[in-house]
Amino acid sequence: MQALDRVLANLADKGLLLKQDKELPSVVGLVTGESLRTSWWSHPKGRLIFAVLSELADNPDVLFTKLLLRKDTLVHRSLFPAVLAVGRARDRWQLSGLSREAKRLLERVGGGEQVRASGAPVKQLEARLLATTRQVHTASGRHAIALESWNAWSRRVRCRPAASVPRARKMLEEAAIALGASREALPWHGA
């Protein structure tokens, strides 16, 4: 699949890609060759986009997370140690103002079990990089979010965190800038 190869090459080169964005490089833009201002689902290449995103979700060298602009961001394996270090840091920006429900969910996820959940608590954990998430299909055909602790994720993908959280943040900031985003697009800068 040429579109998948093009996306993977871009991701390997840049380290980060958005799933969809009007201005920054994205999977949707690479597949369609255009900047969409609407949902990609109704685009003539919608099925191809879905197929590429499905392949990427199963690729061991790709992590989906809410890193840039609180949007779905694809992270290449080369940056896994940096994301892992930042996600596990439990810095003030991650924990301050966290709702009671989100704290309870974080405790459940931290217990080592993969947890299916939805709603505002999930969005809080995603936006603060407190857990990894991925969409799963339930037996009833519905979509749910499966949350996993960074520790469990790191064992599963065989990744060690970067030794320094400040250095890890700097690596991610440099990748964001190289992509065309600003430092402020990253969650620890309050985006």
# chains A, B, ... in the order shown; residues from 1 in each chain; ligands from 1
$ residues_around --residues "A:Gly33" --least-positions-apart "5" --cutoff "12 Å" --atoms "only C-alpha atoms" --output "CSV table (one decimal) with N, CA and C atoms, in the first residue's frame"
chain,number,residue,atom,x,y,z
A,3,ALA,N,0.2,4.4,0.1
A,3,ALA,CA,-0.2,5.5,1.1
A,3,ALA,C,0.4,5.2,2.4
A,6,ARG,N,4.2,5.8,2.4
A,6,ARG,CA,4.4,7.2,2.5
A,6,ARG,C,4.3,7.8,3.9
A,7,VAL,N,3.2,7.4,4.6
A,7,VAL,CA,3.0,7.8,5.9
A,7,VAL,C,4.1,7.3,6.9
A,22,LYS,N,-5.4,20.9,9.7
A,22,LYS,CA,-5.5,21.8,8.6
A,22,LYS,C,-4.2,22.3,8.1
A,25,PRO,N,1.6,18.7,9.1
A,25,PRO,CA,1.6,17.4,8.4
A,25,PRO,C,0.8,16.4,9.2
A,26,SER,N,0.0,15.6,8.4
A,26,SER,CA,-0.9,14.6,9.0
A,26,SER,C,-1.1,13.4,8.1
A,27,VAL,N,-1.5,12.4,8.7
A,27,VAL,CA,-1.8,11.1,8.0
A,27,VAL,C,-2.9,11.4,6.9
A,28,VAL,N,-3.9,12.1,7.3
A,28,VAL,CA,-5.0,12.4,6.3
A,28,VAL,C,-4.5,13.2,5.1
A,43,HIS,N,-14.7,11.8,2.9
A,43,HIS,CA,-13.9,12.0,1.7
A,43,HIS,C,-13.9,10.8,0.8
A,45,LYS,N,-11.5,9.2,-0.4
A,45,LYS,CA,-10.5,8.3,0.0
A,45,LYS,C,-10.6,7.9,1.5
A,49,ILE,N,-8.1,5.9,4.0
A,49,ILE,CA,-7.6,6.6,5.2
A,49,ILE,C,-7.8,5.6,6.4
$ select_by_dssp --residues "stretch 6-99 of chain A" --states "helix (DSSP H, G or I)" --output "PDB file with N, CA and C atoms, in the first residue's frame"
ATOM      1  N   ARG A   6       4.166   5.788   2.437  1.00  0.00           N
ATOM      2  CA  ARG A   6       4.439   7.234   2.456  1.00  0.00           C
ATOM      3  C   ARG A   6       4.282   7.789   3.878  1.00  0.00           C
ATOM      4  N   VAL A   7       3.230   7.362   4.570  1.00  0.00           N
ATOM      5  CA  VAL A   7       3.007   7.822   5.942  1.00  0.00           C
ATOM      6  C   VAL A   7       4.114   7.329   6.861  1.00  0.00           C
ATOM      7  N   LEU A   8       4.459   6.052   6.765  1.00  0.00           N
ATOM      8  CA  LEU A   8       5.508   5.495   7.632  1.00  0.00           C
ATOM      9  C   LEU A   8       6.857   6.166   7.387  1.00  0.00           C
ATOM     10  N   ALA A   9       7.173   6.449   6.130  1.00  0.00           N
ATOM     11  CA  ALA A   9       8.438   7.137   5.824  1.00  0.00           C
ATOM     12  C   ALA A   9       8.445   8.532   6.424  1.00  0.00           C
ATOM     13  N   ASN A  10       7.327   9.242   6.306  1.00  0.00           N
ATOM     14  CA  ASN A  10       7.214  10.579   6.885  1.00  0.00           C
ATOM     15  C   ASN A  10       7.335  10.534   8.400  1.00  0.00           C
ATOM     16  N   LEU A  11       6.671   9.572   9.010  1.00  0.00           N
ATOM     17  CA  LEU A  11       6.707   9.443  10.468  1.00  0.00           C
ATOM     18  C   LEU A  11       8.117   9.109  10.943  1.00  0.00           C
ATOM     19  N   ALA A  12       8.782   8.210  10.264  1.00  0.00           N
ATOM     20  CA  ALA A  12      10.154   7.857  10.636  1.00  0.00           C
ATOM     21  C   ALA A  12      11.072   9.069  10.499  1.00  0.00           C
ATOM     22  N   ASP A  13      10.839   9.877   9.478  1.00  0.00           N
ATOM     23  CA  ASP A  13      11.671  11.060   9.248  1.00  0.00           C
ATOM     24  C   ASP A  13      11.422  12.152  10.281  1.00  0.00           C
ATOM     25  N   LYS A  14      10.167  12.423  10.593  1.00  0.00           N
ATOM     26  CA  LYS A  14       9.817  13.534  11.482  1.00  0.00           C
ATOM     27  C   LYS A  14       9.687  13.123  12.950  1.00  0.00           C
ATOM     28  N   VAL A  27      -1.536  12.351   8.714  1.00  0.00           N
ATOM     29  CA  VAL A  27      -1.834  11.129   7.969  1.00  0.00           C
ATOM     30  C   VAL A  27      -2.869  11.432   6.894  1.00  0.00           C
ATOM     31  N   VAL A  28      -3.949  12.105   7.259  1.00  0.00           N
ATOM     32  CA  VAL A  28      -5.013  12.409   6.306  1.00  0.00           C
ATOM     33  C   VAL A  28      -4.474  13.240   5.149  1.00  0.00           C
ATOM     34  N   GLY A  29      -3.648  14.221   5.440  1.00  0.00           N
ATOM     35  CA  GLY A  29      -3.060  15.049   4.396  1.00  0.00           C
ATOM     36  C   GLY A  29      -2.143  14.259   3.468  1.00  0.00           C
ATOM     37  N   LEU A  30      -1.362  13.356   4.040  1.00  0.00           N
ATOM     38  CA  LEU A  30      -0.462  12.540   3.222  1.00  0.00           C
ATOM     39  C   LEU A  30      -1.230  11.566   2.333  1.00  0.00           C
ATOM     40  N   VAL A  31      -2.338  11.042   2.830  1.00  0.00           N
ATOM     41  CA  VAL A  31      -3.125  10.087   2.047  1.00  0.00           C
ATOM     42  C   VAL A  31      -3.926  10.793   0.954  1.00  0.00           C
ATOM     43  N   THR A  32      -4.522  11.937   1.291  1.00  0.00           N
ATOM     44  CA  THR A  32      -5.403  12.618   0.331  1.00  0.00           C
ATOM     45  C   THR A  32      -4.655  13.614  -0.552  1.00  0.00           C
ATOM     46  N   TRP A  40     -12.669  13.401   7.650  1.00  0.00           N
ATOM     47  CA  TRP A  40     -12.165  12.592   6.538  1.00  0.00           C
ATOM     48  C   TRP A  40     -13.100  11.435   6.199  1.00  0.00           C
ATOM     49  N   TRP A  41     -14.046  11.114   7.078  1.00  0.00           N
ATOM     50  CA  TRP A  41     -14.936   9.974   6.855  1.00  0.00           C
ATOM     51  C   TRP A  41     -15.710  10.093   5.545  1.00  0.00           C
ATOM     52  N   SER A  42     -16.105  11.294   5.168  1.00  0.00           N
ATOM     53  CA  SER A  42     -16.909  11.472   3.956  1.00  0.00           C
ATOM     54  C   SER A  42     -16.060  11.729   2.710  1.00  0.00           C
ATOM     55  N   GLY A  46     -11.859   8.053   2.025  1.00  0.00           N
ATOM     56  CA  GLY A  46     -12.142   7.721   3.414  1.00  0.00           C
ATOM     57  C   GLY A  46     -11.818   6.280   3.774  1.00  0.00           C
ATOM     58  N   ARG A  47     -12.145   5.353   2.898  1.00  0.00           N
ATOM     59  CA  ARG A  47     -11.852   3.935   3.168  1.00  0.00           C
ATOM     60  C   ARG A  47     -10.348   3.680   3.200  1.00  0.00           C
ATOM     61  N   LEU A  48      -9.631   4.337   2.315  1.00  0.00           N
ATOM     62  CA  LEU A  48      -8.175   4.202   2.292  1.00  0.00           C
ATOM     63  C   LEU A  48      -7.578   4.797   3.562  1.00  0.00           C
ATOM     64  N   ILE A  49      -8.068   5.947   3.974  1.00  0.00           N
ATOM     65  CA  ILE A  49      -7.589   6.568   5.211  1.00  0.00           C
ATOM     66  C   ILE A  49      -7.826   5.625   6.391  1.00  0.00           C
ATOM     67  N   PHE A  50      -9.020   5.049   6.455  1.00  0.00           N
ATOM     68  CA  PHE A  50      -9.337   4.111   7.530  1.00  0.00           C
ATOM     69  C   PHE A  50      -8.390   2.916   7.503  1.00  0.00           C
ATOM     70  N   ALA A  51      -8.137   2.380   6.316  1.00  0.00           N
ATOM     71  CA  ALA A  51      -7.231   1.225   6.190  1.00  0.00           C
ATOM     72  C   ALA A  51      -5.819   1.584   6.645  1.00  0.00           C
ATOM     73  N   VAL A  52      -5.340   2.758   6.258  1.00  0.00           N
ATOM     74  CA  VAL A  52      -3.997   3.194   6.657  1.00  0.00           C
ATOM     75  C   VAL A  52      -3.943   3.389   8.175  1.00  0.00           C
ATOM     76  N   LEU A  53      -4.933   4.049   8.737  1.00  0.00           N
ATOM     77  CA  LEU A  53      -4.949   4.265  10.192  1.00  0.00           C
ATOM     78  C   LEU A  53      -5.032   2.942  10.955  1.00  0.00           C
ATOM     79  N   SER A  54      -5.786   1.993  10.432  1.00  0.00           N
ATOM     80  CA  SER A  54      -5.881   0.671  11.071  1.00  0.00           C
ATOM     81  C   SER A  54      -4.536  -0.038  11.055  1.00  0.00           C
ATOM     82  N   GLU A  55      -3.838   0.021   9.933  1.00  0.00           N
ATOM     83  CA  GLU A  55      -2.503  -0.584   9.837  1.00  0.00           C
ATOM     84  C   GLU A  55      -1.529   0.101  10.799  1.00  0.00           C
ATOM     85  N   LEU A  56      -1.620   1.409  10.887  1.00  0.00           N
ATOM     86  CA  LEU A  56      -0.736   2.156  11.786  1.00  0.00           C
ATOM     87  C   LEU A  56      -1.003   1.804  13.246  1.00  0.00           C
ATOM     88  N   ALA A  57      -2.273   1.621  13.589  1.00  0.00           N
ATOM     89  CA  ALA A  57      -2.641   1.286  14.967  1.00  0.00           C
ATOM     90  C   ALA A  57      -2.064  -0.069  15.368  1.00  0.00           C
ATOM     91  N   ARG A  77       8.679   5.092  16.979  1.00  0.00           N
ATOM     92  CA  ARG A  77       9.424   4.350  18.006  1.00  0.00           C
ATOM     93  C   ARG A  77      10.675   5.094  18.475  1.00  0.00           C
ATOM     94  N   SER A  78      11.314   5.849  17.606  1.00  0.00           N
ATOM     95  CA  SER A  78      12.523   6.580  17.994  1.00  0.00           C
ATOM     96  C   SER A  78      12.264   7.559  19.136  1.00  0.00           C
ATOM     97  N   LEU A  79      11.007   8.000  19.288  1.00  0.00           N
ATOM     98  CA  LEU A  79      10.651   8.926  20.361  1.00  0.00           C
ATOM     99  C   LEU A  79       9.903   8.249  21.512  1.00  0.00           C
ATOM    100  N   PHE A  80       9.722   6.928  21.449  1.00  0.00           N
ATOM    101  CA  PHE A  80       9.045   6.220  22.536  1.00  0.00           C
ATOM    102  C   PHE A  80       9.698   6.494  23.894  1.00  0.00           C
ATOM    103  N   PRO A  81      11.037   6.437  24.018  1.00  0.00           N
ATOM    104  CA  PRO A  81      11.642   6.673  25.334  1.00  0.00           C
ATOM    105  C   PRO A  81      11.324   8.063  25.894  1.00  0.00           C
ATOM    106  N   ALA A  82      11.255   9.059  25.021  1.00  0.00           N
ATOM    107  CA  ALA A  82      10.945  10.424  25.468  1.00  0.00           C
ATOM    108  C   ALA A  82       9.495  10.515  25.951  1.00  0.00           C
ATOM    109  N   VAL A  83       8.567   9.964  25.185  1.00  0.00           N
ATOM    110  CA  VAL A  83       7.153  10.005  25.581  1.00  0.00           C
ATOM    111  C   VAL A  83       6.954   9.225  26.874  1.00  0.00           C
ATOM    112  N   LEU A  84       7.608   8.093  26.992  1.00  0.00           N
ATOM    113  CA  LEU A  84       7.499   7.275  28.194  1.00  0.00           C
ATOM    114  C   LEU A  84       7.994   8.036  29.427  1.00  0.00           C
ATOM    115  N   ALA A  85       9.132   8.687  29.314  1.00  0.00           N
ATOM    116  CA  ALA A  85       9.677   9.447  30.448  1.00  0.00           C
ATOM    117  C   ALA A  85       8.729  10.569  30.861  1.00  0.00           C
ATOM    118  N   VAL A  86       8.205  11.295  29.900  1.00  0.00           N
ATOM    119  CA  VAL A  86       7.283  12.398  30.198  1.00  0.00           C
ATOM    120  C   VAL A  86       5.978  11.861  30.773  1.00  0.00           C
ATOM    121  N   GLY A  87       5.439  10.801  30.183  1.00  0.00           N
ATOM    122  CA  GLY A  87       4.176  10.241  30.649  1.00  0.00           C
ATOM    123  C   GLY A  87       4.243   9.711  32.070  1.00  0.00           C
ATOM    124  N   ARG A  88       5.374   9.103  32.430  1.00  0.00           N
ATOM    125  CA  ARG A  88       5.529   8.523  33.771  1.00  0.00           C
ATOM    126  C   ARG A  88       5.957   9.543  34.824  1.00  0.00           C
ATOM    127  N   ARG A  92       3.572  18.313  37.902  1.00  0.00           N
ATOM    128  CA  ARG A  92       2.461  19.159  38.352  1.00  0.00           C
ATOM    129  C   ARG A  92       1.420  19.361  37.253  1.00  0.00           C
ATOM    130  N   TRP A  93       1.856  19.632  36.001  1.00  0.00           N
ATOM    131  CA  TRP A  93       0.909  19.868  34.905  1.00  0.00           C
ATOM    132  C   TRP A  93       0.031  18.644  34.649  1.00  0.00           C
ATOM    133  N   GLN A  94       0.507  17.468  35.045  1.00  0.00           N
ATOM    134  CA  GLN A  94      -0.268  16.248  34.834  1.00  0.00           C
ATOM    135  C   GLN A  94      -1.309  16.029  35.928  1.00  0.00           C
ATOM    136  N   LEU A  95      -0.991  16.392  37.142  1.00  0.00           N
ATOM    137  CA  LEU A  95      -1.842  16.034  38.279  1.00  0.00           C
ATOM    138  C   LEU A  95      -2.683  17.172  38.843  1.00  0.00           C
TER     139      LEU A  95
END
$ residues_around --residues "A:Ile145" --least-positions-apart "6" --cutoff "7 Å" --atoms "only C-alpha atoms" --output "list in words"
Arg116, Ala117, Ser118, Thr133, Arg134, Gln135 and Val136 of chain A
$ residues_around --residues "A:Gln124" --least-positions-apart "2" --cutoff "10 Å" --atoms "only C-alpha atoms" --output "ChimeraX atom specification"
/A:94-95,97-99,101-103,106,119-122,126-131
$ atom_distance --atom1 "atom CA of A:Ala162" --atom2 "atom CA of A:Leu4"
28.5 Å
$ select_by_dssp --residues "stretch 82-176 of chain A" --states "strand (DSSP E or B)" --output "JSON, numbers by chain"
{"A": [115, 116, 117, 132, 133, 134, 135, 136, 137, 143, 144, 145, 146, 147, 148]}
$ write_last_selection --atoms "C-alpha atoms" --output "mmCIF file, in the first residue's frame"
data_model
loop_
_atom_site.group_PDB
_atom_site.id
_atom_site.type_symbol
_atom_site.label_atom_id
_atom_site.label_comp_id
_atom_site.auth_asym_id
_atom_site.auth_seq_id
_atom_site.Cartn_x
_atom_site.Cartn_y
_atom_site.Cartn_z
ATOM 1 C CA VAL A 115 -9.218 -0.636 31.826
ATOM 2 C CA ARG A 116 -12.049 0.151 29.420
ATOM 3 C CA ALA A 117 -13.694 3.486 30.062
ATOM 4 C CA THR A 132 -1.822 5.212 26.970
ATOM 5 C CA THR A 133 -5.145 4.723 25.232
ATOM 6 C CA ARG A 134 -6.416 2.941 22.185
ATOM 7 C CA GLN A 135 -9.796 2.324 20.643
ATOM 8 C CA VAL A 136 -11.181 -1.182 20.856
ATOM 9 C CA HIS A 137 -14.333 -2.777 19.518
ATOM 10 C CA HIS A 143 -16.189 1.503 20.374
ATOM 11 C CA ALA A 144 -14.552 1.805 23.766
ATOM 12 C CA ILE A 145 -11.267 3.206 25.013
ATOM 13 C CA ALA A 146 -8.770 0.828 26.588
ATOM 14 C CA LEU A 147 -6.382 2.550 28.996
ATOM 15 C CA GLU A 148 -3.021 1.078 29.930
#
$ closest_residue --among "A:Ala168, A:Leu16, A:Arg104, A:Val157" --to "A:Asp58" --atoms "only C-alpha atoms"
A:Val157
$ closest_residue --among "A:Ala152, A:Lys71, A:Glu173, A:Trp188" --to "A:Leu24" --atoms "only C-alpha atoms"
A:Lys71
$ decode --residues "stretch 11-87 of chain A" --atoms "C-alpha atoms" --output "PDB file, in the first residue's frame"
ATOM      1  CA  LEU A  11       6.707   9.443  10.468  1.00  0.00           C
ATOM      2  CA  ALA A  12      10.154   7.857  10.636  1.00  0.00           C
ATOM      3  CA  ASP A  13      11.671  11.060   9.248  1.00  0.00           C
ATOM      4  CA  LYS A  14       9.817  13.534  11.482  1.00  0.00           C
ATOM      5  CA  GLY A  15       9.175  11.407  14.575  1.00  0.00           C
ATOM      6  CA  LEU A  16       5.647  12.854  14.929  1.00  0.00           C
ATOM      7  CA  LEU A  17       2.579  13.240  12.707  1.00  0.00           C
ATOM      8  CA  LEU A  18      -0.928  14.339  13.487  1.00  0.00           C
ATOM      9  CA  LYS A  19      -3.808  12.119  12.480  1.00  0.00           C
ATOM     10  CA  GLN A  20      -5.561  15.114  10.899  1.00  0.00           C
ATOM     11  CA  ASP A  21      -4.799  18.828  10.871  1.00  0.00           C
ATOM     12  CA  LYS A  22      -5.518  21.759   8.586  1.00  0.00           C
ATOM     13  CA  GLU A  23      -1.958  23.105   8.672  1.00  0.00           C
ATOM     14  CA  LEU A  24       0.514  20.608  10.110  1.00  0.00           C
ATOM     15  CA  PRO A  25       1.626  17.384   8.386  1.00  0.00           C
ATOM     16  CA  SER A  26      -0.894  14.635   9.007  1.00  0.00           C
ATOM     17  CA  VAL A  27      -1.834  11.129   7.969  1.00  0.00           C
ATOM     18  CA  VAL A  28      -5.013  12.409   6.306  1.00  0.00           C
ATOM     19  CA  GLY A  29      -3.060  15.049   4.396  1.00  0.00           C
ATOM     20  CA  LEU A  30      -0.462  12.540   3.222  1.00  0.00           C
ATOM     21  CA  VAL A  31      -3.125  10.087   2.047  1.00  0.00           C
ATOM     22  CA  THR A  32      -5.403  12.618   0.331  1.00  0.00           C
ATOM     23  CA  GLY A  33      -2.806  15.132  -0.815  1.00  0.00           C
ATOM     24  CA  GLU A  34      -4.951  17.926   0.554  1.00  0.00           C
ATOM     25  CA  SER A  35      -5.727  19.782   3.762  1.00  0.00           C
ATOM     26  CA  LEU A  36      -9.222  18.831   4.868  1.00  0.00           C
ATOM     27  CA  ARG A  37     -11.312  21.225   6.903  1.00  0.00           C
ATOM     28  CA  THR A  38     -14.020  18.613   7.513  1.00  0.00           C
ATOM     29  CA  SER A  39     -14.078  15.035   8.704  1.00  0.00           C
ATOM     30  CA  TRP A  40     -12.165  12.592   6.538  1.00  0.00           C
ATOM     31  CA  TRP A  41     -14.936   9.974   6.855  1.00  0.00           C
ATOM     32  CA  SER A  42     -16.909  11.472   3.956  1.00  0.00           C
ATOM     33  CA  HIS A  43     -13.850  12.011   1.720  1.00  0.00           C
ATOM     34  CA  PRO A  44     -13.647   9.834  -1.434  1.00  0.00           C
ATOM     35  CA  LYS A  45     -10.466   8.312   0.047  1.00  0.00           C
ATOM     36  CA  GLY A  46     -12.142   7.721   3.414  1.00  0.00           C
ATOM     37  CA  ARG A  47     -11.852   3.935   3.168  1.00  0.00           C
ATOM     38  CA  LEU A  48      -8.175   4.202   2.292  1.00  0.00           C
ATOM     39  CA  ILE A  49      -7.589   6.568   5.211  1.00  0.00           C
ATOM     40  CA  PHE A  50      -9.337   4.111   7.530  1.00  0.00           C
ATOM     41  CA  ALA A  51      -7.231   1.225   6.190  1.00  0.00           C
ATOM     42  CA  VAL A  52      -3.997   3.194   6.657  1.00  0.00           C
ATOM     43  CA  LEU A  53      -4.949   4.265  10.192  1.00  0.00           C
ATOM     44  CA  SER A  54      -5.881   0.671  11.071  1.00  0.00           C
ATOM     45  CA  GLU A  55      -2.503  -0.584   9.837  1.00  0.00           C
ATOM     46  CA  LEU A  56      -0.736   2.156  11.786  1.00  0.00           C
ATOM     47  CA  ALA A  57      -2.641   1.286  14.967  1.00  0.00           C
ATOM     48  CA  ASP A  58      -1.313  -2.282  14.684  1.00  0.00           C
ATOM     49  CA  ASN A  59       2.249  -1.249  13.832  1.00  0.00           C
ATOM     50  CA  PRO A  60       4.712  -1.885  16.698  1.00  0.00           C
ATOM     51  CA  ASP A  61       6.721   1.201  15.686  1.00  0.00           C
ATOM     52  CA  VAL A  62       3.757   3.590  16.094  1.00  0.00           C
ATOM     53  CA  LEU A  63       2.114   5.002  19.222  1.00  0.00           C
ATOM     54  CA  PHE A  64      -1.097   7.040  19.072  1.00  0.00           C
ATOM     55  CA  THR A  65      -1.383   9.598  21.880  1.00  0.00           C
ATOM     56  CA  LYS A  66      -2.768  13.098  22.500  1.00  0.00           C
ATOM     57  CA  LEU A  67       0.616  14.810  22.364  1.00  0.00           C
ATOM     58  CA  LEU A  68       0.211  17.818  20.051  1.00  0.00           C
ATOM     59  CA  LEU A  69      -2.682  20.269  20.394  1.00  0.00           C
ATOM     60  CA  ARG A  70      -4.617  17.576  22.330  1.00  0.00           C
ATOM     61  CA  LYS A  71      -5.125  15.850  18.982  1.00  0.00           C
ATOM     62  CA  ASP A  72      -4.363  12.293  17.981  1.00  0.00           C
ATOM     63  CA  THR A  73      -0.627  12.285  17.371  1.00  0.00           C
ATOM     64  CA  LEU A  74       1.382   9.431  15.939  1.00  0.00           C
ATOM     65  CA  VAL A  75       4.758   8.954  17.599  1.00  0.00           C
ATOM     66  CA  HIS A  76       7.551   6.959  15.966  1.00  0.00           C
ATOM     67  CA  ARG A  77       9.424   4.350  18.006  1.00  0.00           C
ATOM     68  CA  SER A  78      12.523   6.580  17.994  1.00  0.00           C
ATOM     69  CA  LEU A  79      10.651   8.926  20.361  1.00  0.00           C
ATOM     70  CA  PHE A  80       9.045   6.220  22.536  1.00  0.00           C
ATOM     71  CA  PRO A  81      11.642   6.673  25.334  1.00  0.00           C
ATOM     72  CA  ALA A  82      10.945  10.424  25.468  1.00  0.00           C
ATOM     73  CA  VAL A  83       7.153  10.005  25.581  1.00  0.00           C
ATOM     74  CA  LEU A  84       7.499   7.275  28.194  1.00  0.00           C
ATOM     75  CA  ALA A  85       9.677   9.447  30.448  1.00  0.00           C
ATOM     76  CA  VAL A  86       7.283  12.398  30.198  1.00  0.00           C
ATOM     77  CA  GLY A  87       4.176  10.241  30.649  1.00  0.00           C
TER      78      GLY A  87
END
